[in-house]
$ cat target.txt   # compact mmCIF, C-alpha atoms
# COMPACT_ATOMS: atom_id res chain seq x y z
CA MET A 1 22.89 4.44 -38.13
CA PRO A 2 23.44 0.69 -38.63
CA SER A 3 25.81 -0.31 -41.38
CA LEU A 4 24.69 -1.54 -44.80
CA LYS A 5 25.66 -5.10 -43.92
CA GLU A 6 23.41 -5.03 -40.86
CA PHE A 7 20.53 -3.86 -43.02
CA ARG A 8 21.11 -6.64 -45.52
CA ASN A 9 21.13 -9.22 -42.73
CA ARG A 10 17.90 -7.89 -41.26
CA ILE A 11 16.20 -8.02 -44.65
CA THR A 12 17.33 -11.59 -45.33
CA SER A 13 16.13 -12.72 -41.94
CA VAL A 14 12.71 -11.09 -42.33
CA LYS A 15 12.43 -12.59 -45.80
CA SER A 16 13.02 -16.10 -44.52
CA THR A 17 10.51 -15.56 -41.71
CA GLN A 18 8.03 -14.47 -44.33
CA LYS A 19 8.67 -17.65 -46.29
CA ILE A 20 7.92 -19.72 -43.19
CA THR A 21 4.69 -17.91 -42.35
CA LYS A 22 3.61 -18.13 -45.99
CA ALA A 23 4.23 -21.87 -45.99
CA MET A 24 2.38 -22.29 -42.69
CA GLN A 25 -0.55 -20.35 -44.08
CA MET A 26 -0.79 -22.64 -47.07
CA VAL A 27 -0.48 -25.77 -44.96
CA ALA A 28 -3.21 -24.46 -42.64
CA ALA A 29 -5.42 -23.71 -45.65
CA ALA A 30 -5.05 -27.25 -46.95
CA LYS A 31 -5.68 -28.76 -43.52
CA LEU A 32 -8.62 -26.45 -42.97
CA LYS A 33 -10.30 -27.86 -46.02
CA ARG A 34 -9.84 -31.38 -44.72
CA ALA A 35 -11.00 -30.44 -41.22
CA GLN A 36 -14.05 -28.73 -42.64
CA SER A 37 -15.09 -31.72 -44.70
CA ALA A 38 -14.50 -33.99 -41.70
CA ALA A 39 -16.79 -31.78 -39.63
CA GLU A 40 -19.40 -31.90 -42.37
CA ALA A 41 -19.10 -35.65 -42.81
CA ALA A 42 -19.75 -36.11 -39.12
CA ARG A 43 -23.01 -34.19 -39.28
CA PRO A 44 -25.37 -36.94 -40.56
CA TYR A 45 -24.39 -39.17 -37.66
CA ALA A 46 -24.96 -36.43 -35.12
CA ASN A 47 -28.34 -35.58 -36.64
CA ARG A 48 -29.55 -39.18 -36.72
CA MET A 49 -28.28 -39.73 -33.22
CA ALA A 50 -30.14 -36.63 -32.04
CA SER A 51 -33.43 -37.86 -33.46
CA VAL A 52 -32.96 -41.32 -31.96
CA ILE A 53 -32.28 -39.74 -28.56
CA ALA A 54 -35.28 -37.46 -28.88
CA ASN A 55 -37.42 -40.44 -29.77
CA LEU A 56 -36.18 -42.59 -26.89
CA SER A 57 -36.16 -39.93 -24.23
CA SER A 58 -39.79 -39.10 -24.97
CA ASN A 59 -40.63 -42.71 -24.12
CA VAL A 60 -38.43 -43.18 -21.07
CA LYS A 61 -39.26 -40.75 -18.31
CA GLY A 62 -39.09 -40.40 -14.56
CA ASP A 63 -37.00 -42.52 -12.25
CA GLY A 64 -36.48 -45.25 -14.79
CA ALA A 65 -34.35 -42.97 -16.93
CA PRO A 66 -30.58 -43.42 -16.72
CA LEU A 67 -28.67 -40.91 -14.61
CA LEU A 68 -26.91 -39.53 -17.66
CA LEU A 69 -30.25 -38.32 -18.94
CA ARG A 70 -31.96 -37.03 -15.82
CA GLY A 71 -28.86 -35.97 -13.85
CA THR A 72 -28.17 -36.49 -10.17
CA GLY A 73 -30.92 -34.07 -9.20
CA LYS A 74 -28.30 -31.77 -7.73
CA ASP A 75 -26.52 -28.76 -9.11
CA ASP A 76 -23.57 -28.40 -6.74
CA VAL A 77 -20.46 -29.67 -8.46
CA HIS A 78 -19.79 -28.56 -12.01
CA LEU A 79 -17.28 -30.09 -14.36
CA VAL A 80 -16.08 -27.76 -17.06
CA VAL A 81 -14.50 -29.50 -20.03
CA VAL A 82 -12.37 -27.05 -21.98
CA LEU A 83 -11.28 -28.07 -25.47
CA THR A 84 -8.44 -26.12 -27.01
CA SER A 85 -5.71 -26.79 -29.53
CA GLU A 86 -2.44 -28.58 -28.93
CA ARG A 87 -0.37 -26.02 -30.76
CA GLY A 88 -0.17 -22.26 -30.94
CA LEU A 89 0.55 -19.78 -33.74
CA CYS A 90 -3.14 -19.32 -34.29
CA GLY A 91 -3.84 -15.78 -33.16
CA GLY A 92 -6.41 -15.38 -30.44
CA PHE A 93 -8.06 -18.77 -30.97
CA ASN A 94 -7.18 -20.36 -27.64
CA THR A 95 -7.33 -17.10 -25.71
CA GLN A 96 -10.92 -16.68 -26.86
CA ILE A 97 -11.92 -20.12 -25.62
CA VAL A 98 -10.08 -19.66 -22.34
CA ARG A 99 -11.69 -16.27 -21.79
CA ARG A 100 -15.13 -17.82 -22.28
CA ALA A 101 -14.18 -20.62 -19.91
CA ARG A 102 -12.97 -18.15 -17.30
CA GLU A 103 -16.24 -16.22 -17.49
CA THR A 104 -18.25 -19.40 -17.04
CA ILE A 105 -16.09 -20.57 -14.15
CA SER A 106 -16.19 -17.29 -12.28
CA GLU A 107 -19.97 -17.14 -12.70
CA LEU A 108 -20.28 -20.63 -11.23
CA LEU A 109 -17.90 -19.80 -8.38
CA ALA A 110 -19.82 -16.62 -7.63
CA ALA A 111 -23.00 -18.71 -7.42
CA GLY A 112 -21.32 -20.82 -4.74
CA LYS A 113 -20.82 -23.94 -6.85
CA THR A 114 -17.82 -26.20 -6.75
CA VAL A 115 -16.00 -26.21 -10.06
CA LYS A 116 -13.71 -28.84 -11.50
CA ILE A 117 -11.86 -28.33 -14.75
CA LEU A 118 -10.87 -30.94 -17.27
CA THR A 119 -8.82 -29.83 -20.23
CA ALA A 120 -8.03 -31.41 -23.55
CA GLY A 121 -5.46 -29.47 -25.52
CA LYS A 122 -2.18 -28.22 -24.13
CA LYS A 123 -2.78 -24.52 -24.73
CA GLY A 124 -5.94 -24.36 -22.66
CA ARG A 125 -4.33 -26.17 -19.79
CA ASP A 126 -1.33 -23.84 -19.77
CA GLN A 127 -3.51 -20.75 -19.71
CA LEU A 128 -6.02 -22.01 -17.16
CA ARG A 129 -3.38 -23.37 -14.83
CA ARG A 130 -2.21 -19.86 -14.06
CA VAL A 131 -5.63 -18.68 -12.85
CA TYR A 132 -7.44 -21.79 -11.69
CA GLY A 133 -4.56 -24.17 -11.03
CA SER A 134 -6.23 -25.62 -7.95
CA LEU A 135 -9.44 -26.43 -9.83
CA LEU A 136 -7.76 -28.37 -12.63
CA VAL A 137 -8.53 -32.01 -11.97
CA GLU A 138 -7.39 -33.62 -15.15
CA HIS A 139 -5.79 -33.09 -18.51
CA ILE A 140 -6.31 -35.37 -21.47
CA ASP A 141 -3.46 -35.42 -23.91
CA LEU A 142 -4.63 -35.55 -27.49
CA SER A 143 -1.29 -34.66 -29.05
CA THR A 144 -0.69 -38.29 -30.02
CA PHE A 145 -3.63 -38.18 -32.42
CA LYS A 146 -2.60 -37.02 -35.86
CA THR A 147 -6.18 -36.56 -36.89
CA ILE A 148 -9.18 -36.13 -34.66
CA ASP A 149 -11.39 -39.20 -34.91
CA SER A 150 -13.92 -41.03 -32.80
CA THR A 151 -11.18 -42.70 -30.75
CA ALA A 152 -9.91 -39.33 -29.58
CA ALA A 153 -13.43 -38.22 -28.73
CA ALA A 154 -14.12 -41.48 -26.94
CA LEU A 155 -11.02 -40.94 -24.80
CA VAL A 156 -12.43 -37.65 -23.50
CA ALA A 157 -16.04 -38.82 -23.30
CA THR A 158 -15.28 -42.07 -21.46
CA ARG A 159 -13.29 -40.22 -18.85
CA VAL A 160 -16.09 -37.70 -18.35
CA VAL A 161 -18.71 -40.43 -18.05
CA GLU A 162 -16.49 -42.36 -15.64
CA MET A 163 -16.12 -39.32 -13.43
CA PHE A 164 -19.86 -38.75 -13.54
CA GLU A 165 -20.62 -42.33 -12.60
CA ALA A 166 -18.16 -42.09 -9.73
CA GLY A 167 -20.27 -39.19 -8.47
CA GLN A 168 -17.52 -36.63 -8.89
CA PHE A 169 -19.77 -33.99 -10.41
CA ASP A 170 -23.43 -33.18 -11.08
CA VAL A 171 -23.40 -31.07 -14.20
CA GLY A 172 -20.95 -31.31 -17.07
CA THR A 173 -20.35 -28.45 -19.47
CA LEU A 174 -18.35 -28.46 -22.66
CA ILE A 175 -16.54 -25.34 -23.85
CA TYR A 176 -15.16 -25.22 -27.36
CA SER A 177 -15.06 -22.99 -30.39
CA ARG A 178 -17.74 -23.29 -33.02
CA PHE A 179 -16.46 -22.84 -36.53
CA LYS A 180 -18.45 -20.13 -38.26
CA SER A 181 -16.02 -19.04 -40.92
CA VAL A 182 -12.30 -18.76 -41.48
CA ILE A 183 -12.14 -15.43 -39.68
CA SER A 184 -14.80 -16.06 -37.09
CA GLN A 185 -14.91 -18.80 -34.48
CA ILE A 186 -17.43 -18.51 -31.72
CA PRO A 187 -16.55 -19.82 -28.25
CA THR A 188 -19.50 -21.95 -27.25
CA VAL A 189 -20.72 -23.37 -23.96
CA GLN A 190 -22.75 -26.53 -24.20
CA GLN A 191 -24.29 -28.72 -21.53
CA LEU A 192 -23.02 -32.27 -21.80
CA ILE A 193 -24.41 -34.02 -18.73
CA PRO A 194 -27.29 -34.42 -18.02
CA ALA A 195 -27.77 -35.01 -21.71
CA VAL A 196 -30.32 -32.68 -23.20
CA PRO A 197 -32.25 -33.99 -26.16
CA PRO A 198 -31.50 -31.47 -28.88
CA ALA A 199 -34.20 -28.99 -29.67
CA GLY A 200 -35.79 -29.38 -33.06
CA ALA A 201 -35.03 -33.09 -33.39
CA ALA A 202 -38.53 -34.51 -33.44
CA ALA A 203 -39.42 -38.12 -32.87
CA PRO A 204 -40.41 -39.76 -36.16
CA ASP A 205 -44.07 -40.21 -36.94
CA LEU A 206 -44.81 -43.88 -36.52
CA LYS A 207 -48.22 -43.70 -38.16
CA GLY A 208 -49.88 -45.43 -35.24
CA ALA A 209 -47.45 -48.32 -34.97
CA VAL A 210 -45.61 -49.16 -31.75
CA TYR A 211 -41.85 -49.37 -31.42
CA THR A 212 -40.26 -52.70 -30.67
CA TYR A 213 -37.07 -52.50 -28.64
CA GLU A 214 -34.33 -55.08 -28.73
CA PRO A 215 -33.16 -55.55 -25.97
CA SER A 216 -35.22 -53.20 -23.73
CA GLU A 217 -35.68 -49.44 -23.99
CA ALA A 218 -33.64 -48.86 -20.86
CA ASP A 219 -30.81 -51.07 -22.11
CA ILE A 220 -30.67 -49.26 -25.39
CA LEU A 221 -30.67 -45.88 -23.73
CA GLU A 222 -27.95 -47.05 -21.39
CA THR A 223 -25.61 -47.89 -24.26
CA LEU A 224 -26.76 -45.06 -26.46
CA LEU A 225 -26.18 -42.17 -24.08
CA PRO A 226 -22.41 -42.59 -23.66
CA ARG A 227 -22.19 -42.70 -27.43
CA TYR A 228 -24.31 -39.61 -27.73
CA ILE A 229 -21.98 -37.79 -25.38
CA SER A 230 -18.99 -39.11 -27.26
CA GLY A 231 -20.58 -37.91 -30.48
CA GLN A 232 -21.05 -34.46 -29.04
CA VAL A 233 -17.43 -34.36 -27.96
CA LEU A 234 -16.37 -35.52 -31.41
CA SER A 235 -18.28 -32.83 -33.21
CA ALA A 236 -16.93 -30.24 -30.75
CA LEU A 237 -13.39 -31.48 -31.40
CA LEU A 238 -13.90 -31.36 -35.15
CA GLU A 239 -15.34 -27.85 -34.99
CA ASN A 240 -12.40 -26.85 -32.85
CA GLN A 241 -9.97 -28.38 -35.30
CA ALA A 242 -11.51 -26.53 -38.23
CA GLY A 243 -11.55 -23.32 -36.20
CA PHE A 244 -7.93 -23.78 -35.23
CA TYR A 245 -6.78 -24.07 -38.84
CA GLY A 246 -8.97 -21.15 -39.81
CA ALA A 247 -7.46 -19.01 -37.06
CA GLN A 248 -3.98 -20.19 -37.89
CA MET A 249 -4.49 -19.41 -41.54
CA SER A 250 -5.61 -15.84 -40.91
CA ALA A 251 -2.91 -15.31 -38.27
CA MET A 252 -0.25 -16.49 -40.70
CA ASP A 253 -1.75 -14.40 -43.47
CA SER A 254 -1.40 -11.22 -41.43
CA ALA A 255 2.08 -12.28 -40.31
CA THR A 256 3.09 -12.65 -43.96
CA ARG A 257 1.66 -9.23 -44.72
CA ASN A 258 3.45 -7.66 -41.77
CA ALA A 259 6.71 -9.21 -42.88
CA GLY A 260 6.13 -7.75 -46.36
CA ASP A 261 5.61 -4.27 -44.89
CA LEU A 262 8.72 -4.62 -42.79
CA ILE A 263 10.77 -5.69 -45.81
CA LYS A 264 9.54 -2.66 -47.74
CA LYS A 265 10.49 -0.28 -44.92
CA LEU A 266 13.87 -1.88 -44.41
CA THR A 267 14.66 -1.83 -48.13
CA LEU A 268 13.81 1.86 -48.26
CA ARG A 269 16.09 2.63 -45.36
CA TYR A 270 18.79 0.43 -46.85
CA ASN A 271 18.68 2.31 -50.15
CA ARG A 272 18.70 5.70 -48.44
CA GLN A 273 21.70 4.69 -46.42
CA ARG A 274 23.45 3.38 -49.54
CA GLN A 275 22.80 6.63 -51.41
CA ALA A 276 23.97 8.68 -48.45
CA ASN A 277 27.17 6.67 -48.39
CA ILE A 278 27.76 7.24 -52.13
CA THR A 279 27.08 10.95 -51.78
CA LYS A 280 29.44 11.17 -48.85
CA GLU A 281 32.19 9.40 -50.80
CA LEU A 282 31.63 11.68 -53.81
CA ILE A 283 31.85 14.76 -51.60
CA GLU A 284 35.08 13.45 -50.14
CA ILE A 285 36.61 12.83 -53.60
CA ILE A 286 35.47 16.20 -54.98
CA SER A 287 36.62 18.22 -51.99
CA GLY A 288 39.90 16.28 -52.10
CA ALA A 289 40.34 17.17 -55.78
CA GLU A 290 39.48 20.83 -55.12
CA ALA A 291 42.08 21.07 -52.39
CA LEU A 292 44.84 20.18 -54.83
CA MET B 293 -40.03 -56.21 -55.84
CA SER B 294 -41.19 -52.76 -56.70
CA GLU B 295 -41.15 -51.32 -53.22
CA LYS B 296 -37.74 -50.37 -51.83
CA LEU B 297 -36.38 -49.68 -48.39
CA ALA B 298 -34.69 -46.37 -47.66
CA PHE B 299 -31.47 -47.23 -45.92
CA ALA B 300 -28.72 -45.10 -44.44
CA LEU B 301 -25.55 -46.34 -42.79
CA VAL B 302 -23.65 -43.67 -40.89
CA SER B 303 -20.57 -43.78 -38.71
CA PRO B 304 -19.33 -40.88 -36.58
CA GLU B 305 -16.82 -39.91 -39.26
CA ARG B 306 -18.93 -40.17 -42.38
CA GLU B 307 -22.03 -41.43 -44.13
CA LEU B 308 -21.19 -44.76 -45.74
CA PHE B 309 -24.35 -45.65 -47.52
CA HIS B 310 -27.47 -43.83 -48.44
CA GLY B 311 -30.05 -45.11 -50.85
CA GLU B 312 -32.87 -47.47 -51.70
CA VAL B 313 -32.40 -51.20 -51.34
CA ASP B 314 -34.46 -54.40 -51.32
CA GLN B 315 -33.39 -55.80 -47.99
CA VAL B 316 -30.87 -55.30 -45.22
CA VAL B 317 -29.79 -58.01 -42.81
CA VAL B 318 -28.62 -56.47 -39.54
CA PRO B 319 -26.50 -58.29 -36.92
CA GLY B 320 -28.59 -57.38 -33.86
CA THR B 321 -27.44 -58.10 -30.32
CA ASP B 322 -30.28 -60.57 -29.89
CA GLY B 323 -29.71 -62.15 -33.28
CA GLU B 324 -29.62 -61.26 -36.92
CA PHE B 325 -32.75 -59.77 -38.42
CA GLY B 326 -33.73 -58.88 -41.92
CA VAL B 327 -35.43 -55.58 -42.69
CA LEU B 328 -37.73 -55.39 -45.68
CA PRO B 329 -39.79 -52.43 -46.83
CA ARG B 330 -42.71 -51.67 -44.48
CA HIS B 331 -41.01 -53.27 -41.52
CA ALA B 332 -42.61 -52.44 -38.17
CA PRO B 333 -40.82 -49.75 -36.10
CA LEU B 334 -37.93 -51.33 -34.28
CA MET B 335 -34.88 -50.23 -32.44
CA SER B 336 -32.05 -52.58 -31.70
CA THR B 337 -28.45 -52.54 -30.62
CA ILE B 338 -25.91 -54.17 -32.91
CA ARG B 339 -23.08 -56.55 -32.20
CA PRO B 340 -19.88 -56.46 -34.25
CA GLY B 341 -20.49 -58.42 -37.41
CA ALA B 342 -21.36 -58.32 -41.07
CA LEU B 343 -24.32 -56.29 -42.26
CA ARG B 344 -25.71 -57.44 -45.59
CA ILE B 345 -27.32 -55.13 -48.09
CA VAL B 346 -29.37 -56.91 -50.75
CA ASN B 347 -30.30 -54.95 -53.81
CA ASP B 348 -31.38 -56.23 -57.24
CA GLY B 349 -30.08 -59.68 -56.40
CA ALA B 350 -26.62 -58.38 -55.54
CA GLU B 351 -25.33 -58.58 -52.01
CA ARG B 352 -22.90 -56.20 -50.35
CA ARG B 353 -21.38 -57.02 -47.01
CA ILE B 354 -20.27 -54.32 -44.64
CA PHE B 355 -18.62 -54.91 -41.31
CA VAL B 356 -20.16 -52.85 -38.51
CA ASN B 357 -18.61 -52.58 -35.09
CA GLY B 358 -21.41 -51.97 -32.64
CA GLY B 359 -24.06 -49.31 -32.81
CA PHE B 360 -27.79 -49.05 -33.37
CA ALA B 361 -30.39 -49.88 -35.94
CA ASP B 362 -33.50 -47.76 -36.06
CA VAL B 363 -36.42 -48.81 -38.22
CA THR B 364 -39.11 -46.21 -38.76
CA PRO B 365 -41.82 -45.93 -41.41
CA ASP B 366 -39.32 -43.71 -43.25
CA GLY B 367 -36.76 -46.48 -43.53
CA LEU B 368 -33.81 -48.00 -41.76
CA THR B 369 -30.94 -46.07 -40.20
CA VAL B 370 -27.90 -47.82 -38.86
CA LEU B 371 -25.65 -45.80 -36.57
CA ALA B 372 -22.40 -47.73 -36.48
CA GLU B 373 -19.43 -47.03 -34.25
CA ASP B 374 -17.38 -47.71 -37.31
CA ALA B 375 -17.96 -49.58 -40.53
CA VAL B 376 -15.81 -51.10 -43.25
CA ASP B 377 -16.88 -52.43 -46.60
CA LEU B 378 -15.79 -56.06 -46.59
CA ALA B 379 -14.99 -55.86 -50.29
CA ASP B 380 -12.21 -53.42 -49.38
CA VAL B 381 -10.65 -55.67 -46.78
CA ASP B 382 -7.45 -57.38 -47.74
CA ALA B 383 -6.83 -60.50 -45.70
CA ALA B 384 -3.03 -60.17 -45.73
CA SER B 385 -2.97 -56.55 -44.56
CA LEU B 386 -5.58 -57.41 -41.95
CA GLU B 387 -3.26 -60.03 -40.49
CA GLN B 388 -0.49 -57.44 -40.41
CA GLU B 389 -2.75 -54.94 -38.66
CA LEU B 390 -3.76 -57.58 -36.15
CA LYS B 391 -0.13 -58.25 -35.41
CA ASP B 392 0.57 -54.53 -35.01
CA ALA B 393 -2.43 -54.13 -32.74
CA ARG B 394 -1.21 -56.96 -30.50
CA GLU B 395 2.16 -55.27 -30.25
CA ASP B 396 0.46 -51.98 -29.42
CA VAL B 397 -1.39 -53.60 -26.55
CA ASP B 398 1.87 -54.95 -25.15
CA ALA B 399 3.73 -51.68 -25.66
CA ALA B 400 1.04 -49.37 -24.22
CA ARG B 401 2.54 -47.06 -21.62
CA ASP B 402 -0.54 -46.52 -19.45
CA ASP B 403 -4.06 -47.82 -18.91
CA ALA B 404 -5.76 -45.26 -21.15
CA HIS B 405 -3.59 -46.14 -24.13
CA ARG B 406 -3.85 -49.83 -23.39
CA SER B 407 -7.64 -49.73 -23.41
CA ILE B 408 -7.56 -47.92 -26.77
CA ALA B 409 -5.16 -50.47 -28.20
CA GLN B 410 -7.24 -53.29 -26.75
CA ALA B 411 -10.41 -51.90 -28.30
CA LYS B 412 -8.64 -51.71 -31.64
CA LEU B 413 -7.50 -55.32 -31.34
CA THR B 414 -10.98 -56.53 -30.43
CA ARG B 415 -12.36 -54.69 -33.41
CA LEU B 416 -9.82 -56.25 -35.75
CA GLU B 417 -10.55 -59.71 -34.40
CA ALA B 418 -14.25 -59.23 -34.99
CA LEU B 419 -13.47 -57.97 -38.48
CA ARG B 420 -11.44 -61.07 -39.23
CA ALA B 421 -14.28 -63.25 -38.01
CA ALA B 422 -16.64 -61.42 -40.37
CA VAL B 423 -14.31 -61.86 -43.34
CA ARG B 424 -14.25 -65.62 -42.98

$ encode --input "target.txt" --output "structure tokens"
Amino acid sequence: MPSLKEFRNRITSVKSTQKITKAMQMVAAAKLKRAQSAAEAARPYANRMASVIANLSSNVKGDGAPLLLRGTGKDDVHLVVVLTSERGLCGGFNTQIVRRARETISELLAAGKTVKILTAGKKGRDQLRRVYGSLLVEHIDLSTFKTIDSTAAALVATRVVEMFEAGQFDVGTLIYSRFKSVISQIPTVQQLIPAVPPAGAAAPDLKGAVYTYEPSEADILETLLPRYISGQVLSALLENQAGFYGAQMSAMDSATRNAGDLIKKLTLRYNRQRQANITKELIEIISGAEAL
Amino acid sequence: MSEKLAFALVSPERELFHGEVDQVVVPGTDGEFGVLPRHAPLMSTIRPGALRIVNDGAERRIFVNGGFADVTPDGLTVLAEDAVDLADVDAASLEQELKDAREDVDAARDDAHRSIAQAKLTRLEALRAAVR
């Protein structure tokens, strides 16, 4: 049986751990709120962009369409962009995304495709490196960004578009976690390149009038598509961010609860031990007195 | 001036303006153009510059840094890369930011960071031009 002092030390140490997890939970809760409103604030842009794309792509068809829209016509080399968080302590958040990514990759490999992986977020890279180290082509470090904004998204998107234009892959897929609620984030796979006009975004009714384009339709589409892709990456990053804080919050919540349980158990054992010690001492005194 | 134009200005991070106005002057790539109610459908790219919103005789100037303007029978939508209300811009702090941005460009450790810093600097320079 450990001594009373050892028990006291254990209890103090668990208590301070509990304080830390409690604080982290509250910080995550506050940041979650901000991340959620950022994700919501980004929605009007994404929606408008989607309808503009739908409108334009219905007008520009065939060979005149930019490569980003119609693809290379091949389906051989796939680029998988995996977005994860930079930091841990968030339960199974990253593992979930990586598992989804692994499934996608092994499916593609089984179908005889060449797969290249690009990661943004340290945790995803670390986990994927172990299994698919040879397929990892690039990692984009987003740890310098305090908050996720369009610059961070542009960093990822520009690199992806550059690689596409250099002919390094045919189909680009984005894997991230969609924020459903604090306790539920859904790993999602989304096709990035060739850009798919979103379903449900209808071209506006022009009431018989004809669109004027300044400069030309093709020029507009050319500049618009990279931004569309960047916008998709941004909303994925924001969803991820919100999901990360949600996961961290619930992970820290259960850690705090576990610490509480542990403290209760330890205190019980500590008190038992203390009582046993007192009883033992009493017995010693009494039997000593009786012997006289 | 009974009829109004529905106008929305959105940037990737947030919606900056949403409402009914009399007229919007957009800095298009091929030149500035004014949009009044019942404007014909038009889609144009935007160059960095000041966008002017005219409503009830009052004018509000907003700096937009690239993007798109989309005029439909339903109104005008401007998708800006980023946008700043020029009334919020303080000339002194802008100069400071410009100076910081120049230092960032010089101090960038690799090409990726340099291009980000450079883009920021270009944006600030365009913003200063719009303030004047």

$ closest_atom_pairs --input "target.txt" --of "chain B" --to "chain A" --cutoff "8 Å" --atoms "all atoms listed in the file" --output "Markdown table"
| residue | atom | partner | partner_atom | distance |
| --- | --- | --- | --- | --- |
| B:Val302 | CA | A:Tyr45 | CA | 5.6 |
| B:Ser303 | CA | A:Tyr45 | CA | 6.1 |
| B:Pro304 | CA | A:Ala42 | CA | 5.4 |
| B:Glu305 | CA | A:Ala42 | CA | 4.8 |
| B:Arg306 | CA | A:Ala41 | CA | 4.5 |
| B:Glu307 | CA | A:Ala41 | CA | 6.6 |
| B:Thr321 | CA | A:Pro215 | CA | 7.6 |
| B:Asp322 | CA | A:Glu214 | CA | 6.9 |
| B:Ala332 | CA | A:Ala209 | CA | 7.1 |
| B:Pro333 | CA | A:Tyr211 | CA | 4.8 |
| B:Leu334 | CA | A:Thr212 | CA | 4.5 |
| B:Met335 | CA | A:Tyr213 | CA | 4.9 |
| B:Ser336 | CA | A:Glu214 | CA | 4.5 |
| B:Thr337 | CA | A:Ile220 | CA | 6.6 |
| B:Asp362 | CA | A:Val52 | CA | 7.7 |
| B:Thr364 | CA | A:Leu206 | CA | 6.6 |
| B:Pro365 | CA | A:Leu206 | CA | 6.1 |
| B:Thr369 | CA | A:Arg48 | CA | 7.8 |
| B:Leu371 | CA | A:Tyr45 | CA | 6.8 |
| B:Ala404 | CA | A:Leu155 | CA | 7.7 |
| B:Ile408 | CA | A:Thr151 | CA | 7.5 |

$ atom_distance --input "target.txt" --atom1 "CA of Arg274 in chain A" --atom2 "CA of Ser3 in chain A"
9.3 Å

$ atom_distance --input "target.txt" --atom1 "CA of Phe169 in chain A" --atom2 "CA of Thr72 in chain A"
8.8 Å

$ residues_around --input "target.txt" --residues "Glu222 in chain A" --least-positions-apart "5" --cutoff "9 Å" --atoms "only C-alpha atoms" --output "list in words"
Ala65, Pro66, Leu68 and Glu217 of chain A

$ write_last_selection --input "target.txt" --atoms "C-alpha atoms" --output "PDB file, in the coordinates of the input"
ATOM      1  CA  ALA A  65     -34.350 -42.970 -16.930  1.00  0.00           C
ATOM      2  CA  PRO A  66     -30.580 -43.420 -16.720  1.00  0.00           C
ATOM      3  CA  LEU A  68     -26.910 -39.530 -17.660  1.00  0.00           C
ATOM      4  CA  GLU A 217     -35.680 -49.440 -23.990  1.00  0.00           C
TER       5      GLU A 217
END

$ closest_residue --input "target.txt" --among "B:Pro319, B:Gly349, B:Pro340, B:Gly358" --to "Glu417 in chain B" --atoms "all atoms listed in the file"
B:Pro340

$ closest_residue --input "target.txt" --among "B:Leu378, B:Val313, B:Glu351, B:Asp403" --to "Pro329 in chain B" --atoms "only C-alpha atoms"
B:Val313
